[in-house]
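Worksheet for the structure shown next.
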Amino acid sequence: MLQFAEGEVTKLRREFKLVLGRDEAVALCARLSASLGGYLSPPTSITSVYFDKPGYPLAQRSLGTPNDCLKVRTKEYSPDMGAGGVQRVVLEVKRERNGLTQKRRVWVPRAQLGNVLRGGVRLLPLIAGGSLMPVLAVTYRRHVYQCSQAWRVTVDRDIGFHRITPELALSETTLSAERLGEPLALDERVVVEVKHLGEELPEWLAALNPGRKPAYSKFAEGMARVHDFVADGILGG
């Protein structure tokens, strides 16, 4: 069983998303687990912080053209199996266009995160130059189903949306759900992401693809709930 693989399916992939009720999700997870010989991975708690620039151009784009957008975020995992005692985050630039997703990722010690985002270390050229600010934190529990490098299914539950300050986002201490406090909004639905390299999916799993239906986005959903964002601007808050 492979978890959080840093292989090709992470860097460049096709993907589709499903938004399910709890009962539907239980049935799907049972089938995924059965396809892996009954294995169920332990859940991982994830904290994501999304960044944007003044005027919120990335949020506007995510809401207005969800099939052609760019996201900049950090992610922290608990447990973080590869941390080796270092408090760290993975910094991601995620490009989505018509079902094709490309990511650039780099692991950064928390103590260096502010410097990286200000462009002091040009590890990710797309964000060089600074002016990024944290605008949203999202917490959730994830199960991963993966038996090869060709495809992976993630199942996210207990999704919470939080306001975030620069002091918290860029602190040297791991940003846990406890440090963020109670979320301002919860999404009780279950979000399933099917990520693959092409046509390698089992037939029954490929059949779940909703086609061109607009994809769920934690960034867009959270900005709408926490900041009252809509596609044409901010309503308030």
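Chain labels run A, B, ... following the order of the structure tokens; each chain numbers its residues from 1, and ligands are numbered from 1 in the order shown.
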
Original post:
as JSON, numbers by chain, which residues of segment 5-234 of chain A does DSSP assign to strand (DSSP E)?
Top reply: {"A": [12, 13, 14, 15, 16, 17, 18, 19, 20, 44, 45, 46, 47, 48, 49, 50, 51, 52, 68, 69, 70, 71, 72, 73, 74, 75, 76, 77, 78, 88, 89, 90, 91, 92, 93, 94, 95, 96, 97, 100, 101, 102, 103, 104, 105, 106, 107, 108, 109, 133, 134, 135, 136, 137, 138, 139, 140, 141, 142, 143, 144, 145, 151, 152, 153, 154, 155, 156, 157, 158, 159, 160, 161, 162, 185, 186, 187, 190, 191, 192, 193, 194, 195, 196, 229, 230, 233, 234]}

Subject >> segment 29-44 of chain A environment, 9 Å, only C-alpha atoms, sequence neighbours closer than 5 positions dropped, as a list of chain:residue names >> reply: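 Near segment 29-44 of chain A, the qualifying residues are A:Met1, A:Gln3, A:Glu24, A:Tyr77, A:Ser78, A:Pro79, A:Asp80, A:Tyr140, A:Arg141, A:Arg142, A:His143, A:Val144, A:Tyr145, A:Gln146, A:Cys147, A:Val153, A:Val155, A:Leu205.
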
Leaving out segment 157-163 of chain A and any residue of its chain fewer than 2 positions from it, which residues lie within 8 Å of it when counting only C-alpha atoms, given as a PDB file with N, CA and C atoms, in the first residue's frame?
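As written to disk, around_28.pdb reads:
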ATOM      1  N   VAL A 135      -5.146  33.532   3.319  1.00  0.00           N
ATOM      2  CA  VAL A 135      -6.540  33.993   3.282  1.00  0.00           C
ATOM      3  C   VAL A 135      -7.520  32.967   3.838  1.00  0.00           C
ATOM      4  N   LEU A 136      -7.096  31.705   3.969  1.00  0.00           N
ATOM      5  CA  LEU A 136      -8.032  30.660   4.384  1.00  0.00           C
ATOM      6  C   LEU A 136      -7.264  29.459   4.907  1.00  0.00           C
ATOM      7  N   ALA A 137      -7.757  28.874   5.988  1.00  0.00           N
ATOM      8  CA  ALA A 137      -7.239  27.592   6.472  1.00  0.00           C
ATOM      9  C   ALA A 137      -8.350  26.557   6.391  1.00  0.00           C
ATOM     10  N   VAL A 138      -7.979  25.344   6.002  1.00  0.00           N
ATOM     11  CA  VAL A 138      -8.931  24.245   5.878  1.00  0.00           C
ATOM     12  C   VAL A 138      -8.369  23.037   6.609  1.00  0.00           C
ATOM     13  N   THR A 139      -9.189  22.408   7.431  1.00  0.00           N
ATOM     14  CA  THR A 139      -8.794  21.188   8.133  1.00  0.00           C
ATOM     15  C   THR A 139      -9.717  20.046   7.707  1.00  0.00           C
ATOM     16  N   TYR A 140      -9.156  18.823   7.658  1.00  0.00           N
ATOM     17  CA  TYR A 140      -9.972  17.670   7.299  1.00  0.00           C
ATOM     18  C   TYR A 140      -9.237  16.378   7.642  1.00  0.00           C
ATOM     19  N   ARG A 141      -9.992  15.287   7.642  1.00  0.00           N
ATOM     20  CA  ARG A 141      -9.426  13.945   7.827  1.00  0.00           C
ATOM     21  C   ARG A 141      -9.435  13.238   6.488  1.00  0.00           C
ATOM     22  N   ARG A 142      -8.326  12.561   6.159  1.00  0.00           N
ATOM     23  CA  ARG A 142      -8.191  11.921   4.852  1.00  0.00           C
ATOM     24  C   ARG A 142      -7.831  10.448   4.997  1.00  0.00           C
ATOM     25  N   VAL A 155     -10.168  10.250   0.258  1.00  0.00           N
ATOM     26  CA  VAL A 155     -11.505  10.475   0.792  1.00  0.00           C
ATOM     27  C   VAL A 155     -11.382  11.417   1.982  1.00  0.00           C
ATOM     28  N   THR A 165      -4.529  34.070  10.246  1.00  0.00           N
ATOM     29  CA  THR A 165      -3.699  35.274  10.334  1.00  0.00           C
ATOM     30  C   THR A 165      -2.287  34.961   9.841  1.00  0.00           C
ATOM     31  N   LEU A 180      -5.916  26.380  15.494  1.00  0.00           N
ATOM     32  CA  LEU A 180      -6.825  27.214  14.712  1.00  0.00           C
ATOM     33  C   LEU A 180      -8.129  27.500  15.447  1.00  0.00           C
ATOM     34  N   GLU A 182     -12.146  26.487  16.746  1.00  0.00           N
ATOM     35  CA  GLU A 182     -13.347  25.980  16.087  1.00  0.00           C
ATOM     36  C   GLU A 182     -13.496  26.594  14.695  1.00  0.00           C
ATOM     37  N   PRO A 183     -13.834  25.790  13.707  1.00  0.00           N
ATOM     38  CA  PRO A 183     -14.033  26.343  12.360  1.00  0.00           C
ATOM     39  C   PRO A 183     -15.241  27.266  12.303  1.00  0.00           C
ATOM     40  N   LEU A 184     -15.177  28.242  11.411  1.00  0.00           N
ATOM     41  CA  LEU A 184     -16.312  29.136  11.207  1.00  0.00           C
ATOM     42  C   LEU A 184     -17.421  28.454  10.427  1.00  0.00           C
ATOM     43  N   ALA A 185     -17.055  27.455   9.643  1.00  0.00           N
ATOM     44  CA  ALA A 185     -18.044  26.720   8.855  1.00  0.00           C
ATOM     45  C   ALA A 185     -17.571  25.294   8.675  1.00  0.00           C
ATOM     46  N   LEU A 186     -18.518  24.378   8.583  1.00  0.00           N
ATOM     47  CA  LEU A 186     -18.234  22.965   8.372  1.00  0.00           C
ATOM     48  C   LEU A 186     -18.925  22.489   7.107  1.00  0.00           C
ATOM     49  N   ASP A 187     -18.284  21.567   6.406  1.00  0.00           N
ATOM     50  CA  ASP A 187     -18.919  20.888   5.277  1.00  0.00           C
ATOM     51  C   ASP A 187     -19.078  19.430   5.679  1.00  0.00           C
ATOM     52  N   GLU A 188     -20.299  18.999   5.870  1.00  0.00           N
ATOM     53  CA  GLU A 188     -20.551  17.636   6.342  1.00  0.00           C
ATOM     54  C   GLU A 188     -20.521  16.610   5.222  1.00  0.00           C
ATOM     55  N   ARG A 189     -20.353  17.057   3.997  1.00  0.00           N
ATOM     56  CA  ARG A 189     -20.254  16.128   2.880  1.00  0.00           C
ATOM     57  C   ARG A 189     -18.873  15.472   2.854  1.00  0.00           C
ATOM     58  N   VAL A 190     -18.757  14.429   2.070  1.00  0.00           N
ATOM     59  CA  VAL A 190     -17.490  13.710   1.907  1.00  0.00           C
ATOM     60  C   VAL A 190     -16.983  13.988   0.498  1.00  0.00           C
ATOM     61  N   VAL A 191     -15.730  14.419   0.403  1.00  0.00           N
ATOM     62  CA  VAL A 191     -15.144  14.766  -0.894  1.00  0.00           C
ATOM     63  C   VAL A 191     -14.164  13.668  -1.308  1.00  0.00           C
ATOM     64  N   GLY A 222     -14.430  27.343   0.744  1.00  0.00           N
ATOM     65  CA  GLY A 222     -14.047  28.029   1.971  1.00  0.00           C
ATOM     66  C   GLY A 222     -14.108  29.536   1.837  1.00  0.00           C
ATOM     67  N   ARG A 225     -17.653  30.597   2.095  1.00  0.00           N
ATOM     68  CA  ARG A 225     -18.257  30.471   3.425  1.00  0.00           C
ATOM     69  C   ARG A 225     -17.625  31.406   4.452  1.00  0.00           C
ATOM     70  N   VAL A 226     -16.322  31.591   4.369  1.00  0.00           N
ATOM     71  CA  VAL A 226     -15.626  32.391   5.380  1.00  0.00           C
ATOM     72  C   VAL A 226     -15.587  33.865   5.004  1.00  0.00           C
TER      73      VAL A 226
END

Subject >> Using only C-alpha atoms: which of A:Val194, A:Glu76, A:Glu167, A:Leu63 has the shortest distance to Asn209 of chain A >> reply: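 Of the candidates, the smallest distance to Asn209 of chain A is held by A:Val194.
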